[in-house]
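Chemist: Dropping in structure_33.txt, with compact mmCIF, C-alpha atoms.
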```
# COMPACT_ATOMS: atom_id res chain seq x y z
CA MET A 6 123.08 85.11 93.06
CA PRO A 7 123.23 83.25 96.38
CA ARG A 8 123.52 79.50 96.02
CA ALA A 9 120.33 77.51 96.01
CA GLY A 10 119.41 76.64 99.56
CA CYS A 11 121.09 79.65 101.21
CA ARG A 12 120.64 79.00 104.94
CA VAL A 13 119.11 81.73 107.10
CA ALA A 14 118.47 81.54 110.85
CA PHE A 15 116.32 83.97 112.81
CA TYR A 16 116.46 84.65 116.54
CA SER A 17 113.75 86.41 118.57
CA HIS A 18 113.69 86.70 122.35
CA ASP A 19 109.84 86.79 122.66
CA THR A 20 109.07 87.81 126.21
CA MET A 21 105.79 89.61 125.46
CA GLY A 22 103.33 89.05 122.63
CA LEU A 23 103.70 87.33 119.28
CA GLY A 24 105.12 90.24 117.33
CA HIS A 25 108.75 89.19 117.02
CA MET A 26 108.08 85.62 115.95
CA ARG A 27 105.27 86.60 113.56
CA ARG A 28 107.53 89.20 111.92
CA ASN A 29 110.35 86.69 111.57
CA LEU A 30 107.95 84.07 110.23
CA LEU A 31 106.74 86.43 107.51
CA LEU A 32 110.33 87.27 106.55
CA ALA A 33 111.16 83.56 106.50
CA GLN A 34 108.25 82.75 104.20
CA VAL A 35 109.16 85.60 101.85
CA LEU A 36 112.82 84.56 101.69
CA GLN A 37 111.86 80.95 101.01
CA ARG A 38 109.89 82.05 97.95
CA SER A 39 112.29 84.73 96.74
CA GLN A 40 115.26 84.43 94.39
CA VAL A 41 117.35 83.67 97.48
CA ARG A 42 115.51 80.33 97.90
CA ALA A 43 116.36 80.32 101.58
CA VAL A 44 116.33 77.32 103.87
CA VAL A 45 115.15 78.81 107.16
CA LEU A 46 115.28 77.93 110.84
CA LEU A 47 113.54 80.06 113.46
CA ILE A 48 114.87 80.22 117.02
CA ALA A 49 112.12 81.72 119.18
CA GLY A 50 112.02 82.56 122.86
CA ALA A 51 108.50 81.33 123.63
CA ARG A 52 106.70 78.03 123.30
CA GLU A 53 103.80 79.72 121.44
CA ALA A 54 106.16 79.73 118.45
CA GLY A 55 104.97 76.20 117.73
CA LEU A 56 101.42 77.50 117.32
CA VAL A 57 102.45 80.40 115.12
CA THR A 58 104.61 78.28 112.79
CA ALA A 59 102.21 75.33 112.55
CA ALA A 60 101.56 74.29 108.94
CA THR A 61 103.73 77.13 107.54
CA GLY A 62 106.62 75.15 106.10
CA VAL A 63 109.08 76.79 108.49
CA ASP A 64 110.72 74.85 111.29
CA CYS A 65 111.26 76.34 114.72
CA VAL A 66 113.34 75.72 117.83
CA ALA A 67 111.50 77.09 120.86
CA LEU A 68 113.67 78.18 123.80
CA PRO A 69 112.49 77.85 127.42
CA SER A 70 110.29 80.88 128.01
CA LEU A 71 110.99 84.15 129.77
CA HIS A 72 108.43 86.55 131.22
CA LYS A 73 108.80 90.32 131.45
CA ASP A 74 107.06 91.96 134.40
CA GLU A 75 105.43 95.39 134.51
CA LEU A 76 108.81 96.95 135.36
CA GLY A 77 110.47 95.37 132.35
CA GLN A 78 112.44 92.79 134.36
CA TYR A 79 112.94 89.25 133.05
CA HIS A 80 111.89 86.13 134.99
CA PRO A 81 111.62 82.43 134.13
CA ARG A 82 108.09 81.89 132.84
CA HIS A 83 107.59 78.20 133.55
CA VAL A 84 110.80 76.45 134.69
CA ALA A 85 111.50 76.75 138.42
CA ILE A 86 115.18 77.70 138.12
CA SER A 87 117.09 80.95 138.54
CA LEU A 88 117.14 83.56 135.80
CA ALA A 89 120.89 83.02 135.30
CA GLU A 90 120.37 79.29 134.84
CA LEU A 91 117.55 79.83 132.38
CA LEU A 92 119.53 82.33 130.31
CA ALA A 93 122.45 79.90 130.18
CA LEU A 94 120.11 77.11 129.08
CA ARG A 95 118.61 79.29 126.35
CA ALA A 96 122.07 80.34 125.11
CA LYS A 97 123.33 76.76 124.94
CA THR A 98 120.19 75.64 123.14
CA ALA A 99 120.47 78.43 120.57
CA LEU A 100 124.18 77.79 120.03
CA ALA A 101 123.66 74.05 119.57
CA ALA A 102 120.95 74.73 116.97
CA LEU A 103 123.17 77.17 115.09
CA ASP A 104 126.17 74.83 115.21
CA ALA A 105 124.10 72.05 113.65
CA PHE A 106 122.29 74.24 111.12
CA ALA A 107 125.39 76.26 110.08
CA PRO A 108 123.53 79.23 108.60
CA ASP A 109 124.97 81.60 106.03
CA VAL A 110 123.16 84.47 107.77
CA LEU A 111 121.80 84.92 111.29
CA ILE A 112 119.18 87.65 111.69
CA VAL A 113 118.71 88.76 115.31
CA ASP A 114 115.44 90.52 116.06
CA ASN A 115 115.37 93.74 118.05
CA VAL A 116 117.76 93.00 120.94
CA PRO A 117 121.45 93.14 119.85
CA ARG A 118 122.73 90.98 122.72
CA GLY A 119 119.57 88.95 123.27
CA ALA A 120 117.36 88.87 126.33
CA GLY A 121 119.51 89.36 129.43
CA ARG A 122 122.63 89.31 127.18
CA GLU A 123 122.03 85.63 126.49
CA LEU A 124 123.41 86.00 122.96
CA ASP A 125 126.89 87.12 124.06
CA PRO A 126 128.44 83.62 123.88
CA VAL A 127 126.42 82.83 120.76
CA LEU A 128 127.57 85.93 118.87
CA ALA A 129 131.20 85.42 119.91
CA SER A 130 131.15 81.79 118.78
CA VAL A 131 129.42 82.50 115.48
CA ARG A 132 131.77 85.37 114.66
CA ALA A 133 134.88 83.37 115.60
CA ARG A 134 133.96 80.57 113.16
CA GLY A 135 133.69 83.08 110.34
CA ARG A 136 131.05 81.27 108.30
CA THR A 137 127.93 83.23 109.24
CA ARG A 138 127.10 86.87 108.49
CA LEU A 139 125.12 88.63 111.21
CA VAL A 140 122.24 91.07 110.76
CA LEU A 141 120.37 92.99 113.44
CA GLY A 142 116.72 93.59 112.52
CA LEU A 143 115.04 96.51 114.29
CA ARG A 144 111.41 97.58 114.19
CA ASP A 145 110.71 101.23 113.43
CA VAL A 146 110.26 102.36 117.04
CA LEU A 147 112.05 100.84 120.04
CA ASP A 148 111.07 103.12 122.93
CA ASP A 149 111.15 106.71 124.13
CA PRO A 150 114.49 108.14 122.90
CA ALA A 151 115.82 109.18 126.32
CA ILE A 152 114.98 105.81 127.85
CA LEU A 153 116.33 103.88 124.88
CA ARG A 154 119.63 105.75 124.73
CA ASP A 155 120.25 105.13 128.43
CA GLU A 156 119.34 101.45 128.08
CA TRP A 157 121.63 100.96 125.08
CA VAL A 158 124.54 102.66 126.86
CA ARG A 159 124.11 100.39 129.91
CA SER A 160 123.85 97.30 127.72
CA GLN A 161 126.74 98.39 125.47
CA ASN A 162 124.61 97.57 122.45
CA GLU A 163 126.50 99.79 120.02
CA ASP A 164 129.74 98.04 120.99
CA ALA A 165 128.08 94.71 120.19
CA ILE A 166 126.93 96.02 116.80
CA ARG A 167 130.47 97.19 116.00
CA ARG A 168 132.01 93.90 117.07
CA TYR A 169 129.58 91.37 115.64
CA TYR A 170 127.09 92.70 113.11
CA ASP A 171 127.59 93.17 109.39
CA ALA A 172 124.37 95.13 108.87
CA VAL A 173 121.43 96.68 110.70
CA TRP A 174 118.05 96.49 108.96
CA ILE A 175 115.35 98.85 110.19
CA TYR A 176 111.87 97.66 109.24
CA GLY A 177 110.42 101.08 108.55
CA ASP A 178 110.57 104.36 106.67
CA PRO A 179 112.74 107.14 108.19
CA THR A 180 110.23 109.78 107.08
CA VAL A 181 107.84 108.30 109.66
CA TYR A 182 110.40 107.57 112.39
CA ASP A 183 114.19 107.62 112.04
CA PRO A 184 115.86 105.62 114.83
CA VAL A 185 119.32 106.69 113.64
CA ARG A 186 118.47 110.30 114.44
CA GLU A 187 116.05 109.75 117.33
CA TYR A 188 118.41 107.46 119.23
CA GLY A 189 121.65 109.17 118.23
CA PHE A 190 123.41 106.18 116.69
CA ALA A 191 127.17 106.69 116.38
CA PRO A 192 128.38 107.31 112.80
CA ASP A 193 130.05 103.91 112.42
CA VAL A 194 126.87 102.16 113.62
CA ALA A 195 124.68 104.35 111.42
CA ALA A 196 126.82 103.37 108.42
CA LYS A 197 125.61 99.78 108.82
CA VAL A 198 121.94 100.78 108.72
CA ARG A 199 119.64 100.00 105.81
CA PHE A 200 115.97 100.98 105.92
CA THR A 201 113.85 98.26 104.40
CA GLY A 202 110.53 100.12 104.37
CA TYR A 203 107.43 98.83 106.14
CA PHE A 204 106.01 95.38 105.45
CA ASP A 205 102.95 95.06 103.23
CA GLU A 206 101.05 92.51 105.31
CA ARG A 207 98.84 91.51 102.40
CA ALA A 208 101.67 89.10 101.62
CA ARG A 209 100.45 87.00 104.55
CA LEU A 210 97.25 86.02 102.71
CA PRO A 211 98.70 83.12 100.68
CA PHE A 212 100.51 81.91 103.81
CA GLY A 213 97.37 81.80 106.00
CA GLY A 214 96.49 78.75 108.06
CA ALA A 215 93.38 76.66 107.61
CA ASP A 216 91.61 78.44 110.45
CA SER A 217 91.69 81.72 108.53
CA ASP A 218 88.38 80.68 106.98
CA ALA A 219 86.73 79.73 110.28
CA PRO A 220 83.02 80.69 110.33
CA ILE A 221 82.42 84.02 112.03
CA GLY A 222 79.08 85.37 113.11
CA GLY A 223 77.25 82.11 112.43
CA GLY A 224 77.04 83.04 108.76
CA ALA A 225 75.37 86.37 109.52
CA LEU A 226 78.31 88.26 108.03
CA GLU A 227 77.53 86.75 104.64
CA ARG A 228 74.39 88.89 104.48
CA LYS A 229 74.62 91.83 102.12
CA GLY A 230 75.70 94.99 103.92
CA ALA A 231 76.81 93.25 107.14
CA ARG A 232 79.76 94.99 108.77
CA LEU A 233 82.49 93.49 110.94
CA ALA A 234 84.25 95.32 113.77
CA LEU A 235 87.37 93.37 114.67
CA CYS A 236 89.25 93.65 117.98
CA LEU A 237 92.84 92.36 117.84
CA LEU A 238 94.84 91.71 121.02
CA GLY A 239 98.12 90.28 119.70
CA GLY A 240 99.32 87.56 122.07
CA GLY A 241 96.55 88.56 124.44
CA GLN A 242 98.39 88.47 127.75
CA ASP A 243 97.62 92.13 128.48
CA GLY A 244 94.57 92.63 126.28
CA ALA A 245 91.77 91.81 128.73
CA ARG A 246 90.81 95.42 129.45
CA LEU A 247 90.52 96.31 125.76
CA ALA A 248 88.52 93.14 125.04
CA GLU A 249 86.12 93.86 127.94
CA ALA A 250 85.52 97.42 126.76
CA PHE A 251 84.94 96.25 123.20
CA LEU A 252 82.44 93.58 124.20
CA GLN A 253 80.52 96.10 126.32
CA ALA A 254 80.48 98.79 123.64
CA GLU A 255 77.26 99.44 121.71
CA LEU A 256 77.54 98.39 118.08
CA PRO A 257 75.88 100.27 115.22
CA PRO A 258 73.02 98.42 113.50
CA ASP A 259 74.05 95.51 111.30
CA MET A 260 77.59 95.44 112.75
CA TYR A 261 79.07 92.35 114.34
CA GLY A 262 81.89 92.47 116.86
CA VAL A 263 84.60 89.80 116.96
CA VAL A 264 87.49 89.60 119.45
CA VAL A 265 90.58 87.52 118.61
CA MET A 266 91.98 86.77 122.06
CA GLY A 267 95.48 85.35 121.47
CA PRO A 268 97.25 82.23 122.80
CA SER A 269 98.96 83.97 125.74
CA MET A 270 95.73 85.16 127.35
CA PRO A 271 95.16 83.40 130.73
CA ALA A 272 92.53 80.65 130.58
CA ASP A 273 90.30 82.24 133.22
CA VAL A 274 90.26 85.53 131.29
CA ARG A 275 89.37 83.70 128.06
CA GLU A 276 86.48 81.98 129.81
CA ALA A 277 85.20 85.23 131.29
CA LEU A 278 85.32 86.97 127.90
CA ALA A 279 83.55 84.07 126.21
CA GLY A 280 80.79 84.30 128.82
CA ARG A 281 80.54 88.05 128.30
CA ALA A 282 80.18 87.60 124.52
CA ALA A 283 77.57 84.87 124.91
CA GLY A 284 75.36 87.25 126.85
CA ARG A 285 75.33 89.97 124.20
CA PRO A 286 73.92 89.82 120.66
CA ARG A 287 76.21 90.12 117.64
CA ARG A 288 79.35 89.45 119.69
CA GLN A 289 81.83 86.61 119.31
CA VAL A 290 85.24 85.71 120.68
CA VAL A 291 87.80 83.61 118.82
CA PRO A 292 90.49 81.96 120.97
CA PHE A 293 93.32 82.11 118.42
CA LEU A 294 93.91 82.28 114.68
CA LEU A 295 97.15 81.10 113.13
CA GLU A 296 96.83 83.87 110.56
CA PRO A 297 94.17 86.53 111.22
CA THR A 298 94.75 88.55 108.04
CA ARG A 299 91.93 86.91 106.04
CA LEU A 300 89.50 87.87 108.78
CA LEU A 301 91.04 91.33 108.93
CA GLN A 302 90.57 91.64 105.16
CA ARG A 303 86.80 91.24 105.71
CA ALA A 304 86.63 93.78 108.56
CA THR A 305 85.12 97.21 108.06
CA HIS A 306 86.54 98.63 111.32
CA VAL A 307 89.45 97.51 113.50
CA VAL A 308 90.24 98.21 117.15
CA THR A 309 93.72 97.01 118.02
CA MET A 310 96.73 97.43 120.20
CA GLY A 311 99.70 99.22 118.64
CA GLY A 312 102.32 96.56 117.95
CA TYR A 313 104.37 96.73 114.75
CA ASN A 314 102.58 93.86 113.01
CA SER A 315 99.10 94.99 114.02
CA VAL A 316 99.63 98.54 112.77
CA CYS A 317 101.22 97.36 109.52
CA GLU A 318 98.25 95.03 108.99
CA VAL A 319 95.58 97.72 109.30
CA LEU A 320 97.62 100.07 107.12
CA SER A 321 98.30 97.40 104.50
CA PHE A 322 94.59 96.65 104.17
CA ALA A 323 93.63 100.35 104.45
CA LYS A 324 91.20 99.70 107.30
CA PRO A 325 89.69 102.39 109.49
CA ALA A 326 91.49 101.66 112.73
CA LEU A 327 91.50 102.80 116.33
CA ILE A 328 94.84 102.10 118.01
CA VAL A 329 94.78 101.61 121.79
CA PRO A 330 98.51 101.30 122.45
CA ARG A 331 100.36 99.62 125.27
CA VAL A 332 102.23 102.30 127.24
CA GLU A 333 104.11 100.14 129.78
CA PRO A 334 106.82 99.02 130.18
CA ARG A 335 107.71 100.73 126.86
CA GLN A 336 106.37 103.77 125.00
CA GLU A 337 106.99 102.13 121.63
CA GLN A 338 103.35 101.51 120.69
CA LEU A 339 102.23 104.99 121.71
CA ILE A 340 104.98 106.68 119.69
CA ARG A 341 104.20 104.60 116.59
CA ALA A 342 100.47 105.24 116.88
CA GLU A 343 100.97 108.99 117.26
CA ARG A 344 103.24 109.15 114.20
CA PHE A 345 100.66 107.43 112.00
CA ARG A 346 97.86 109.52 113.47
CA ALA A 347 99.81 112.65 112.47
CA LEU A 348 99.75 111.31 108.90
CA GLY A 349 95.98 110.92 109.08
CA LEU A 350 96.11 107.13 108.70
CA VAL A 351 94.76 105.92 112.08
CA ASP A 352 92.88 107.14 115.13
CA VAL A 353 94.40 106.76 118.59
CA LEU A 354 92.87 106.30 122.04
CA HIS A 355 95.20 106.46 125.03
CA PRO A 356 94.53 103.50 127.36
CA ARG A 357 93.77 105.85 130.25
CA ASP A 358 90.75 107.00 128.23
CA LEU A 359 89.60 103.50 127.28
CA SER A 360 85.95 102.76 128.08
CA PRO A 361 82.94 101.10 126.41
CA ALA A 362 81.55 104.59 125.78
CA ALA A 363 84.72 105.71 123.98
CA LEU A 364 84.62 102.65 121.71
CA THR A 365 80.88 103.11 121.12
CA ALA A 366 81.51 106.69 119.99
CA TRP A 367 84.36 105.71 117.68
CA LEU A 368 82.44 102.85 116.04
CA ALA A 369 79.52 105.17 115.40
CA ALA A 370 81.61 107.99 113.95
CA ALA A 371 84.56 106.20 112.32
CA ARG A 372 85.26 106.99 108.72
CA ALA A 373 84.30 104.42 106.13
CA ARG A 374 87.55 104.69 104.15
CA VAL A 375 91.15 105.71 104.69
CA GLN A 376 93.84 106.69 102.23
CA PRO A 377 96.06 103.69 101.38
CA ALA A 378 99.25 104.11 103.41
CA ARG A 379 101.41 102.87 100.55
CA GLU A 380 100.55 106.06 98.66
CA ARG A 381 102.33 108.09 101.33
CA ILE A 382 105.05 105.94 102.90
CA ASP A 383 107.40 103.15 101.87
CA PHE A 384 105.69 99.75 102.13
CA ASN A 385 108.17 97.85 99.94
CA GLY A 386 110.07 96.16 102.77
CA LEU A 387 109.23 92.58 101.82
CA MET A 388 110.46 93.15 98.28
CA ARG A 389 113.66 94.81 99.47
CA VAL A 390 114.76 92.30 102.15
CA PRO A 391 115.92 89.57 99.69
CA ARG A 392 118.07 92.16 97.91
CA LEU A 393 119.56 93.32 101.20
CA LEU A 394 120.32 89.70 102.05
CA GLU A 395 122.26 89.42 98.79
CA GLU A 396 124.20 92.53 99.80
CA VAL A 397 125.11 90.99 103.17
CA LEU A 398 126.26 87.82 101.42
CA GLY A 399 128.46 89.87 99.07
CA ARG A 400 126.51 88.90 95.95
CA ARG A 401 125.15 92.43 95.47
CA PRO A 402 127.17 95.65 95.67
CA PRO A 403 126.24 97.90 98.58
CA LEU A 404 124.48 101.16 97.97
CA SER A 405 127.09 103.90 98.21
CA ALA A 406 126.66 106.81 100.59
CA ARG A 407 126.38 109.17 97.62
CA ARG A 408 123.64 107.11 96.00
CA ARG A 409 121.83 106.86 99.36
CA ARG A 410 121.94 110.65 99.74
CA ARG A 411 120.73 111.13 96.15
CA ALA A 412 117.85 108.73 96.85
CA GLU A 413 116.90 110.66 100.01
CA VAL A 414 116.83 113.96 98.08
CA HIS A 415 114.75 112.33 95.35
CA ARG A 416 112.24 110.98 97.89
CA ALA A 417 111.94 114.32 99.65
CA ALA A 418 111.31 116.08 96.33
CA ASN A 419 108.65 113.62 95.22
CA GLY A 420 106.94 113.30 98.61
CA ARG A 421 105.88 109.71 97.76
CA ARG A 422 107.31 106.72 99.55
CA GLY A 423 105.92 104.07 97.19
CA ASP A 424 108.31 105.25 94.40
CA ARG A 425 111.34 104.96 96.63
CA VAL A 426 114.69 104.31 94.92
CA GLU A 427 115.53 100.66 95.50
CA ALA A 428 118.38 99.61 97.75
```
Translate this structure into structure tokens?

Modeler:
Amino acid sequence: MPRAGCRVAFYSHDTMGLGHMRRNLLLAQVLQRSQVRAVVLLIAGAREAGLVTAATGVDCVALPSLHKDELGQYHPRHVAISLAELLALRAKTALAALDAFAPDVLIVDNVPRGAGRELDPVLASVRARGRTRLVLGLRDVLDDPAILRDEWVRSQNEDAIRRYYDAVWIYGDPTVYDPVREYGFAPDVAAKVRFTGYFDERARLPFGGADSDAPIGGGALERKGARLALCLLGGGQDGARLAEAFLQAELPPDMYGVVVMGPSMPADVREALAGRAAGRPRRQVVPFLLEPTRLLQRATHVVTMGGYNSVCEVLSFAKPALIVPRVEPRQEQLIRAERFRALGLVDVLHPRDLSPAALTAWLAAARARVQPARERIDFNGLMRVPRLLEEVLGRRPPLSARRRRRAEVHRAANGRRGDRVEA
């Protein structure tokens, strides 16, 4: 068993949305309460991290923020300095935090070398000191395979994985999407991969903030038979068009529509949406919820963008969901949405087809129930991560290649992901 107080640091670059920091926060909370008894520090690349981690029992160091434009290029978000200066400032801040915290494990989210390669000096320093094990955590889908392969070759990401990382955790089920195959990982990199399974987001419920119980609908939703259509925008910075269409859509009788706007939505857009909602019956906008899962638990229908956390949430709670994915600058959300649509678990609307009429039609015709996703795919990720952490620390023997292959054959024969052989 790892010693009490095993120290774990998380890094996320956070240039768009809240997904990376929310995923890391959930992992941190799970590890704190697991047999690992982790002491956790989050290092996040956006100042909204302070909002997300408020009252959670997890401390956070927020780096000066970056912004990614529509072409996928990084720029300083607030500080009027050059990109090179900002990346150097972020790297020095992260390294100072890690030097002081001295973690046993550093888990880097999604980008092997950090935003703009800002982690290069951090990874080299951490590896040279020899105290800290390094893990790369990847979501299930990164981007279109051709684009992703070219990007990883240019960034020399596989070389960084070989040089620095002890393990690669993929937060998904390869029967839905297998990045090792799709992106053509080299054999030595693939050997470091462990699939955790997807995250059952119902675990967020006991971690929810006080605002999770905020009154919605002026108490009207407490009436017997009242239905709630929930529109989720993630961070909200690019969700205005979806929110506008949702607020203009016609709702079925006795249904209330609520939009959760997100902390990154521009103030003028928030004001315009609030005015739009005020002029229509049974509509409401909520500026931001620290933890929206309790509200999502009450929803009967969900319209959402296609980020990893959002999709896992609607699948975890088995909600009828319409995914309107972001398609620029990455295809990640579209690919994920299409894979789950092929399994019959969600509906998908391409953003080019988004309109109030399209949402009206879906809300009127949407199914009342969906098959629980955990009956078809592996949703045991949050149970498996503490065990994988023990493996990285050397307190748990690794799963041999033969046992992994036997487990894959067993899963294919059974056709059920919930009974997956444990790692």

Chemist: Set the distance at 7 Å and use only C-alpha atoms: which residues neighbour A:Gly177 once local chain neighbours fewer than 3 positions away are removed? I'd like the list as a PDB file with C-alpha atoms, in the coordinates of the input.

Modeler:
```
ATOM      1  CA  ARG A 144     111.410  97.580 114.190  1.00  0.00           C
ATOM      2  CA  ASP A 145     110.710 101.230 113.430  1.00  0.00           C
ATOM      3  CA  PHE A 200     115.970 100.980 105.920  1.00  0.00           C
ATOM      4  CA  THR A 201     113.850  98.260 104.400  1.00  0.00           C
ATOM      5  CA  GLY A 202     110.530 100.120 104.370  1.00  0.00           C
ATOM      6  CA  TYR A 203     107.430  98.830 106.140  1.00  0.00           C
TER       7      TYR A 203
END
```

Chemist: Which neighbours of A:Pro403 fall inside 12 Å, counting all atoms listed in the file, when residues of the same chain fewer than 6 positions from it are skipped, and could you give them as a count of residues only?

Modeler: 15

Chemist: Find the residue from A:Gly386, A:Ala102, A:Ala151, A:Pro179 that sits nearest to A:Leu36; use only C-alpha atoms when measuring.

Modeler: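 Looking at the shortest contact to A:Leu36, the residue is A:Gly386.
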
Chemist: State, in Å with one decimal place, the distance from atom CA of A:Ala323 to atom CA of A:Val35.

Modeler: 21.6 Å

Chemist: Quick one: everything within 10 Å of A:Ala195, counting all atoms listed in the file, minus sequence neighbours fewer than 2 positions away in the same chain. Send it as a ChimeraX atom specification.

Modeler: /A:163,172-173,184-186,189-193,197-199

Chemist: Extract stretch 55-69 of chain A from the coordinates I pasted, and write it as a PDB file, in the first residue's frame (atoms kept: N, CA, C and O atoms).

Modeler:
```
ATOM      1  N   GLY A  55      -9.949  28.553  -9.846  1.00  0.00           N
ATOM      2  CA  GLY A  55     -10.325  28.932  -8.491  1.00  0.00           C
ATOM      3  C   GLY A  55     -11.814  28.797  -8.243  1.00  0.00           C
ATOM      4  O   GLY A  55     -12.248  28.450  -7.138  1.00  0.00           O
ATOM      5  N   LEU A  56     -12.618  29.054  -9.282  1.00  0.00           N
ATOM      6  CA  LEU A  56     -14.067  28.876  -9.156  1.00  0.00           C
ATOM      7  C   LEU A  56     -14.425  27.397  -9.073  1.00  0.00           C
ATOM      8  O   LEU A  56     -15.254  26.987  -8.262  1.00  0.00           O
ATOM      9  N   VAL A  57     -13.801  26.602  -9.928  1.00  0.00           N
ATOM     10  CA  VAL A  57     -14.135  25.188 -10.008  1.00  0.00           C
ATOM     11  C   VAL A  57     -13.736  24.448  -8.736  1.00  0.00           C
ATOM     12  O   VAL A  57     -14.432  23.530  -8.287  1.00  0.00           O
ATOM     13  N   THR A  58     -12.617  24.839  -8.115  1.00  0.00           N
ATOM     14  CA  THR A  58     -12.133  24.125  -6.939  1.00  0.00           C
ATOM     15  C   THR A  58     -12.633  24.724  -5.631  1.00  0.00           C
ATOM     16  O   THR A  58     -12.327  24.200  -4.566  1.00  0.00           O
ATOM     17  N   ALA A  59     -13.397  25.794  -5.683  1.00  0.00           N
ATOM     18  CA  ALA A  59     -13.887  26.430  -4.460  1.00  0.00           C
ATOM     19  C   ALA A  59     -14.667  25.428  -3.618  1.00  0.00           C
ATOM     20  O   ALA A  59     -15.514  24.705  -4.112  1.00  0.00           O
ATOM     21  N   ALA A  60     -14.348  25.397  -2.327  1.00  0.00           N
ATOM     22  CA  ALA A  60     -15.068  24.572  -1.347  1.00  0.00           C
ATOM     23  C   ALA A  60     -15.029  23.085  -1.676  1.00  0.00           C
ATOM     24  O   ALA A  60     -15.954  22.337  -1.349  1.00  0.00           O
ATOM     25  N   THR A  61     -13.944  22.606  -2.346  1.00  0.00           N
ATOM     26  CA  THR A  61     -13.857  21.187  -2.682  1.00  0.00           C
ATOM     27  C   THR A  61     -12.851  20.435  -1.823  1.00  0.00           C
ATOM     28  O   THR A  61     -12.785  19.207  -1.892  1.00  0.00           O
ATOM     29  N   GLY A  62     -12.033  21.144  -1.062  1.00  0.00           N
ATOM     30  CA  GLY A  62     -10.996  20.479  -0.295  1.00  0.00           C
ATOM     31  C   GLY A  62      -9.752  20.161  -1.097  1.00  0.00           C
ATOM     32  O   GLY A  62      -8.892  19.406  -0.648  1.00  0.00           O
ATOM     33  N   VAL A  63      -9.639  20.733  -2.299  1.00  0.00           N
ATOM     34  CA  VAL A  63      -8.465  20.538  -3.141  1.00  0.00           C
ATOM     35  C   VAL A  63      -7.861  21.899  -3.434  1.00  0.00           C
ATOM     36  O   VAL A  63      -8.571  22.799  -3.884  1.00  0.00           O
ATOM     37  N   ASP A  64      -6.563  22.040  -3.188  1.00  0.00           N
ATOM     38  CA  ASP A  64      -5.911  23.316  -3.463  1.00  0.00           C
ATOM     39  C   ASP A  64      -5.402  23.371  -4.893  1.00  0.00           C
ATOM     40  O   ASP A  64      -5.085  22.345  -5.506  1.00  0.00           O
ATOM     41  N   CYS A  65      -5.293  24.605  -5.396  1.00  0.00           N
ATOM     42  CA  CYS A  65      -4.974  24.795  -6.808  1.00  0.00           C
ATOM     43  C   CYS A  65      -4.027  25.965  -6.987  1.00  0.00           C
ATOM     44  O   CYS A  65      -4.172  27.007  -6.333  1.00  0.00           O
ATOM     45  N   VAL A  66      -3.048  25.785  -7.884  1.00  0.00           N
ATOM     46  CA  VAL A  66      -2.198  26.875  -8.357  1.00  0.00           C
ATOM     47  C   VAL A  66      -2.647  27.201  -9.774  1.00  0.00           C
ATOM     48  O   VAL A  66      -2.584  26.348 -10.664  1.00  0.00           O
ATOM     49  N   ALA A  67      -3.139  28.414  -9.990  1.00  0.00           N
ATOM     50  CA  ALA A  67      -3.602  28.822 -11.309  1.00  0.00           C
ATOM     51  C   ALA A  67      -2.476  29.551 -12.041  1.00  0.00           C
ATOM     52  O   ALA A  67      -1.912  30.527 -11.533  1.00  0.00           O
ATOM     53  N   LEU A  68      -2.140  29.083 -13.235  1.00  0.00           N
ATOM     54  CA  LEU A  68      -1.122  29.713 -14.065  1.00  0.00           C
ATOM     55  C   LEU A  68      -1.726  30.885 -14.831  1.00  0.00           C
ATOM     56  O   LEU A  68      -2.926  30.917 -15.085  1.00  0.00           O
ATOM     57  N   PRO A  69      -0.908  31.873 -15.219  1.00  0.00           N
ATOM     58  CA  PRO A  69      -1.415  32.935 -16.094  1.00  0.00           C
ATOM     59  C   PRO A  69      -2.033  32.320 -17.349  1.00  0.00           C
ATOM     60  O   PRO A  69      -1.490  31.380 -17.930  1.00  0.00           O
TER      61      PRO A  69
END
```
